[in-house]
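run36.cif follows (mmCIF, C-alpha atoms):
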data_data
loop_
_atom_site.label_atom_id
_atom_site.label_comp_id
_atom_site.auth_asym_id
_atom_site.auth_seq_id
_atom_site.Cartn_x
_atom_site.Cartn_y
_atom_site.Cartn_z
CA MET X 1 -3.62 54.71 0.33
CA LYS X 2 -6.17 54.71 -2.49
CA LYS X 3 -4.12 52.18 -4.46
CA LEU X 4 -3.93 49.88 -1.46
CA LEU X 5 -7.69 50.08 -1.00
CA ILE X 6 -8.28 49.29 -4.68
CA ILE X 7 -5.87 46.33 -4.62
CA GLY X 8 -7.46 45.01 -1.43
CA SER X 9 -10.94 45.31 -2.97
CA VAL X 10 -9.82 43.45 -6.10
CA ILE X 11 -8.37 40.63 -4.00
CA VAL X 12 -11.58 40.33 -1.97
CA LEU X 13 -13.64 40.27 -5.18
CA LEU X 14 -11.40 37.56 -6.67
CA PHE X 15 -11.81 35.38 -3.58
CA ALA X 16 -15.57 35.93 -3.65
CA ALA X 17 -15.66 34.97 -7.33
CA ILE X 18 -13.67 31.79 -6.65
CA ILE X 19 -16.05 30.83 -3.84
CA VAL X 20 -19.11 31.44 -6.02
CA LEU X 21 -17.66 29.49 -8.97
CA THR X 22 -16.72 26.56 -6.72
CA LYS X 23 -20.24 26.50 -5.26
CA VAL X 24 -21.81 26.59 -8.73
CA SER X 25 -19.51 23.79 -9.91
CA ASN X 26 -20.29 21.67 -6.83
CA ASN X 27 -24.04 22.20 -7.21
CA SER X 28 -23.82 21.16 -10.84
CA LYS X 29 -21.96 17.96 -9.93
CA LEU X 30 -24.21 17.23 -6.95
CA ALA X 31 -27.30 17.24 -9.17
CA GLY X 32 -26.42 13.69 -10.28
CA ALA X 33 -24.87 12.55 -6.99
CA GLU X 34 -28.13 11.30 -5.51
CA LYS X 35 -28.22 8.31 -7.86
CA LEU X 36 -24.73 7.31 -6.65
CA TYR X 37 -24.66 8.27 -2.96
CA GLY X 38 -28.27 8.91 -2.01
CA ASP X 39 -28.73 11.97 0.18
CA LYS X 40 -25.35 11.74 1.95
CA ASP X 41 -23.43 14.98 2.50
CA LEU X 42 -20.31 14.35 0.45
CA LYS X 43 -16.75 15.45 1.10
CA GLN X 44 -15.14 17.70 -1.51
CA GLU X 45 -12.83 14.97 -2.84
CA THR X 46 -15.84 12.79 -3.64
CA ILE X 47 -17.68 15.71 -5.22
CA ASP X 48 -14.67 16.33 -7.47
CA GLN X 49 -14.90 12.72 -8.66
CA LEU X 50 -18.64 12.59 -9.37
CA ASP X 51 -18.31 13.22 -13.09
CA ASP X 52 -15.45 10.74 -13.60
CA LYS X 53 -16.71 7.92 -15.84
CA ASN X 54 -14.56 5.40 -13.94
CA TYR X 55 -16.48 5.96 -10.70
CA GLN X 56 -20.07 5.43 -11.75
CA ASN X 57 -20.76 1.99 -10.26
CA ILE X 58 -20.95 3.11 -6.63
CA MET X 59 -22.56 0.73 -4.16
CA LEU X 60 -23.66 1.91 -0.74
CA PRO X 61 -22.52 -0.14 2.27
CA ASP X 62 -26.10 -1.16 3.17
CA GLU X 63 -26.62 -2.55 -0.32
CA LEU X 64 -23.39 -4.57 -0.10
CA GLU X 65 -24.43 -5.95 3.28
CA LYS X 66 -27.85 -6.91 1.91
CA LYS X 67 -26.31 -8.75 -1.05
CA LEU X 68 -23.85 -10.60 1.16
CA LYS X 69 -26.56 -11.66 3.62
CA ALA X 70 -28.57 -12.94 0.66
CA GLY X 71 -25.57 -15.07 -0.34
CA GLU X 72 -24.94 -13.26 -3.60
CA ASP X 73 -21.62 -13.11 -5.43
CA VAL X 74 -20.12 -9.62 -5.38
CA ASN X 75 -16.93 -8.08 -6.71
CA ALA X 76 -16.24 -5.21 -4.32
CA TYR X 77 -13.67 -2.55 -5.08
CA PHE X 78 -12.82 -0.40 -2.06
CA PHE X 79 -11.29 2.95 -3.01
CA SER X 80 -10.72 6.45 -1.75
CA PRO X 81 -10.87 9.59 -3.88
CA THR X 82 -7.80 10.81 -1.96
CA CYS X 83 -5.73 7.72 -2.83
CA VAL X 84 -3.18 8.30 -5.59
CA HIS X 85 -2.95 4.56 -6.25
CA CYS X 86 -6.73 4.37 -6.73
CA LYS X 87 -6.64 7.32 -9.11
CA ALA X 88 -4.01 5.51 -11.19
CA PHE X 89 -5.49 1.99 -10.98
CA THR X 90 -9.23 2.58 -11.40
CA PRO X 91 -8.88 3.83 -15.02
CA VAL X 92 -7.08 0.55 -15.75
CA LEU X 93 -9.43 -1.73 -13.78
CA MET X 94 -12.82 -0.51 -14.93
CA PRO X 95 -12.29 -0.72 -18.73
CA ILE X 96 -10.75 -4.20 -18.42
CA ALA X 97 -13.62 -5.35 -16.19
CA LYS X 98 -16.15 -3.93 -18.65
CA LYS X 99 -14.45 -5.65 -21.59
CA LEU X 100 -14.47 -8.98 -19.72
CA GLY X 101 -18.08 -8.52 -18.57
CA VAL X 102 -17.18 -8.36 -14.88
CA ASP X 103 -19.49 -6.22 -12.74
CA ILE X 104 -17.59 -4.39 -10.02
CA ALA X 105 -19.27 -2.59 -7.13
CA GLN X 106 -17.26 0.43 -6.02
CA LEU X 107 -17.27 1.33 -2.32
CA ASN X 108 -15.91 4.67 -1.17
CA VAL X 109 -14.03 4.24 2.13
CA TRP X 110 -13.44 8.00 2.32
CA GLU X 111 -17.17 8.57 2.73
CA TYR X 112 -17.92 5.38 4.68
CA GLU X 113 -15.01 5.01 7.08
CA ASP X 114 -16.52 2.04 8.95
CA LEU X 115 -15.81 -0.10 5.87
CA TRP X 116 -12.12 -0.15 6.82
CA ASN X 117 -12.73 -2.23 9.94
CA LYS X 118 -15.79 -4.12 8.79
CA TYR X 119 -13.99 -5.65 5.79
CA HIS X 120 -10.45 -5.53 7.21
CA ILE X 121 -9.21 -3.08 4.61
CA ASN X 122 -5.53 -2.26 5.18
CA ALA X 123 -4.94 -0.07 2.13
CA THR X 124 -6.65 1.24 -0.95
CA PRO X 125 -7.33 0.09 -3.51
CA THR X 126 -8.60 -3.27 -2.27
CA PHE X 127 -10.60 -5.71 -4.39
CA ILE X 128 -12.57 -8.46 -2.63
CA ARG X 129 -14.37 -11.31 -4.38
CA PHE X 130 -17.36 -12.61 -2.40
CA GLU X 131 -19.06 -15.85 -3.37
CA GLY X 132 -22.17 -17.04 -1.62
CA GLY X 133 -21.84 -13.99 0.63
CA LYS X 134 -18.35 -15.00 1.87
CA GLU X 135 -14.96 -13.59 0.99
CA VAL X 136 -12.98 -16.00 -1.19
CA LYS X 137 -10.18 -13.86 -2.61
CA ARG X 138 -8.73 -10.36 -2.38
CA PHE X 139 -5.89 -8.24 -3.61
CA GLU X 140 -4.58 -4.98 -2.24
CA GLY X 141 -2.88 -2.30 -4.23
CA ALA X 142 -2.65 -1.80 -7.96
CA LEU X 143 -1.94 -4.86 -10.07
CA PRO X 144 -0.15 -4.73 -13.40
CA GLU X 145 -2.61 -5.13 -16.30
CA GLU X 146 -1.62 -8.71 -17.09
CA ASP X 147 -1.94 -9.79 -13.44
CA LEU X 148 -5.31 -8.04 -13.23
CA ARG X 149 -6.60 -9.89 -16.31
CA THR X 150 -5.33 -13.19 -14.86
CA PHE X 151 -7.02 -12.49 -11.52
CA LEU X 152 -10.36 -11.58 -13.09
CA ASN X 153 -10.30 -14.56 -15.45
CA LYS X 154 -9.21 -17.09 -12.81
CA GLU X 155 -10.96 -15.86 -9.66
CA VAL X 156 -14.08 -14.16 -10.99
CA LEU X 157 -14.84 -15.71 -14.37
CA LYS X 158 -13.32 -19.10 -13.40
CA LYS X 159 -11.58 -19.53 -16.78
#

Output the file's structure as C-alpha cells, nothing else.
Amino acid sequence: MKKLLIIGSVIVLLFAAIIVLTKVSNNSKLAGAEKLYGDKDLKQETIDQLDDKNYQNIMLPDELEKKLKAGEDVNAYFFSPTCVHCKAFTPVLMPIAKKLGVDIAQLNVWEYEDLWNKYHINATPTFIRFEGGKEVKRFEGALPEEDLRTFLNKEVLKK
C-alpha cells in the first residue's frame, strides 16, 4: 500500500511539474506576443509558434481592412498554426519573399476565424495579392519553389 501511495504521489508531482513548466514557457513566449497580436487571448497552437522566425510579420484583420479601404497594395498570406501544409510552406515562402524584397502580411485564420468567410478562404495556406485595395490574384496551397518565384516575380514585382 505504501508503494502505491509513493508511486501515485510521484505521478501527481510529475503532472504538476509539467503544468508549471508549460505555464512558464507560455508566459515567456507571451511576453513578446503583444507586438504581434495585441492583447488577444491566444490559442496554444499560436503560442507555440510565437518564437518561430517565419511567423513574425503578423497583421491583424483590422489593419488589413484599413489598408484595403485606403486602396493600398497588400500581399496577404492566410495561414493556420494547425495546418501541416502551412508549417511546410511558410519556411519556403518567407525567405524567398525576403530575398526578392516582397513584404508579406501574415494573417492567422486560427485566431481570427471570420477571415475564412470575409476573404473566401477555402484552404490554408492562401496567398492573396491586393492592388488598389482589390483582390487581383491568389493561390491556394503550397507551390513548388520555382512556381512561387514565378508568381512573386510576375504578379507582385511585375517582372

Within 9 Å of X:Thr126 using all atoms listed in the file, minus same-chain residues under 6 positions, as a short mmCIF file (atom, residue, chain, number, x, y, z; two decimals) with C-alpha atoms, in the coordinates of the input:
data_model
loop_
_atom_site.label_atom_id
_atom_site.label_comp_id
_atom_site.auth_asym_id
_atom_site.auth_seq_id
_atom_site.Cartn_x
_atom_site.Cartn_y
_atom_site.Cartn_z
CA ALA X 76 -16.24 -5.21 -4.32
CA TYR X 77 -13.67 -2.55 -5.08
CA PHE X 78 -12.82 -0.40 -2.06
CA PHE X 79 -11.29 2.95 -3.01
CA ARG X 138 -8.73 -10.36 -2.38
CA PHE X 139 -5.89 -8.24 -3.61
CA GLU X 140 -4.58 -4.98 -2.24
CA GLY X 141 -2.88 -2.30 -4.23
CA ALA X 142 -2.65 -1.80 -7.96
#

Quiz prompt | Contacts of X:Thr82 within 12 Å, all atoms listed in the file, excl. fewer than 3 positions in-chain, as a list in words | solution = Lys43, Gln44, Glu45, Thr46, Ile47, Asp48, Gln49, Phe79, His85, Cys86, Lys87, Ala88, Asn108, Val109, Trp110, Glu111, Ala123, Thr124 and Pro125 of chain X

Quiz item: For the atom pair atom CA of X:Glu65 and atom CA of X:Gly132, what is the interatomic distance in Å to one decimal place?
Solution: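 Atom CA of X:Gly132 lies at a distance of 12.3 Å from atom CA of X:Glu65.
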
Quiz prompt | Residue among X:Asp41, X:Asp103, X:Asp51, X:Glu131 lying closest to X:Glu72, counting only C-alpha atoms | solution = X:Glu131

Quiz prompt | Counting all atoms listed in the file, the option among X:Phe127, X:Leu64, X:Pro91, X:Asn75 closest to X:Ile104 | solution = X:Asn75

Self-check item: Shell around stretch 92-100 of chain X at 8 Å using all atoms listed in the file, local window under 5 positions removed, as a VMD selection string
Solution: chain X and resid 54 145 148 to 149 152

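For the set X:Phe15, X:Tyr37, X:Phe130, X:Phe151, the residue with the smallest atom-to-atom gap to X:Asp73 is X:Phe130, counting only C-alpha atoms.
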
Quiz item: Between atom CA of X:Val136 and atom CA of X:Val102, what is the distance, to one decimal in Å?
Solution: 16.2 Å

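With all atoms listed in the file as the atoms that count, the residue of X:Ile7, X:Met1, X:Val156, X:Leu42 with the shortest distance to X:Val74 is X:Val156.
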
Quiz item: At what distance in Å, to one decimal, does atom CA of X:Ala105 lie from atom CA of X:Asp52?
Solution: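 Rounded to one decimal, the two atoms are 15.3 Å apart.
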
Self-check item: For X:Gly101, the nearest of the candidates X:Leu5, X:Leu13, X:Ala70, X:Leu157, counting only C-alpha atoms
Solution: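 The closest residue to X:Gly101 is X:Leu157.
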
Practice problem: Pick out the residues sitting within 9 Å of X:Leu36, and hand them over as JSON, numbers by chain; count all atoms listed in the file, and ignore anything fewer than 6 positions along from it in its own chain. | Solution: {"X": [50, 56, 57, 58, 59, 60]}

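Taking all atoms listed in the file into account, X:Gln106 lies nearest to X:Pro81 out of the set X:Gly38, X:Gly8, X:Pro81, X:Gly133.
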
Would you kindly place N, CA and C atoms on stretch 65-84 of chain X and return the model as a tab-separated table (two decimals), in the coordinates of the input?
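Resulting contents of selection.tsv:
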chain	number	residue	atom	x	y	z
X	65	GLU	N	-24.06	-5.08	2.16
X	65	GLU	CA	-24.43	-5.95	3.28
X	65	GLU	C	-25.65	-6.80	2.94
X	66	LYS	N	-26.63	-6.20	2.31
X	66	LYS	CA	-27.85	-6.91	1.91
X	66	LYS	C	-27.53	-8.04	0.92
X	67	LYS	N	-26.68	-7.74	-0.05
X	67	LYS	CA	-26.31	-8.75	-1.05
X	67	LYS	C	-25.53	-9.90	-0.41
X	68	LEU	N	-24.64	-9.57	0.51
X	68	LEU	CA	-23.85	-10.60	1.16
X	68	LEU	C	-24.71	-11.48	2.06
X	69	LYS	N	-25.65	-10.87	2.77
X	69	LYS	CA	-26.56	-11.66	3.62
X	69	LYS	C	-27.45	-12.57	2.79
X	70	ALA	N	-27.75	-12.13	1.56
X	70	ALA	CA	-28.57	-12.94	0.66
X	70	ALA	C	-27.74	-14.02	-0.03
X	71	GLY	N	-26.43	-14.05	0.24
X	71	GLY	CA	-25.57	-15.07	-0.34
X	71	GLY	C	-25.20	-14.83	-1.79
X	72	GLU	N	-25.26	-13.59	-2.21
X	72	GLU	CA	-24.94	-13.26	-3.60
X	72	GLU	C	-23.42	-13.16	-3.81
X	73	ASP	N	-23.01	-13.34	-5.05
X	73	ASP	CA	-21.62	-13.11	-5.43
X	73	ASP	C	-21.45	-11.63	-5.72
X	74	VAL	N	-20.38	-11.05	-5.19
X	74	VAL	CA	-20.12	-9.62	-5.38
X	74	VAL	C	-18.63	-9.40	-5.57
X	75	ASN	N	-18.29	-8.56	-6.53
X	75	ASN	CA	-16.93	-8.08	-6.71
X	75	ASN	C	-16.89	-6.67	-6.15
X	76	ALA	N	-16.24	-6.50	-5.01
X	76	ALA	CA	-16.24	-5.21	-4.32
X	76	ALA	C	-14.87	-4.55	-4.44
X	77	TYR	N	-14.89	-3.33	-4.91
X	77	TYR	CA	-13.67	-2.55	-5.08
X	77	TYR	C	-13.72	-1.38	-4.10
X	78	PHE	N	-12.87	-1.43	-3.09
X	78	PHE	CA	-12.82	-0.40	-2.06
X	78	PHE	C	-11.76	0.63	-2.45
X	79	PHE	N	-12.18	1.89	-2.55
X	79	PHE	CA	-11.29	2.95	-3.01
X	79	PHE	C	-11.50	4.21	-2.17
X	80	SER	N	-10.58	5.13	-2.36
X	80	SER	CA	-10.72	6.45	-1.75
X	80	SER	C	-10.39	7.49	-2.81
X	81	PRO	N	-11.18	8.55	-2.90
X	81	PRO	CA	-10.87	9.59	-3.88
X	81	PRO	C	-9.60	10.37	-3.53
X	82	THR	N	-9.05	10.15	-2.34
X	82	THR	CA	-7.80	10.81	-1.96
X	82	THR	C	-6.58	9.93	-2.21
X	83	CYS	N	-6.80	8.71	-2.64
X	83	CYS	CA	-5.73	7.72	-2.83
X	83	CYS	C	-5.12	7.84	-4.23
X	84	VAL	N	-3.84	8.16	-4.29
X	84	VAL	CA	-3.18	8.30	-5.59
X	84	VAL	C	-3.11	6.97	-6.34
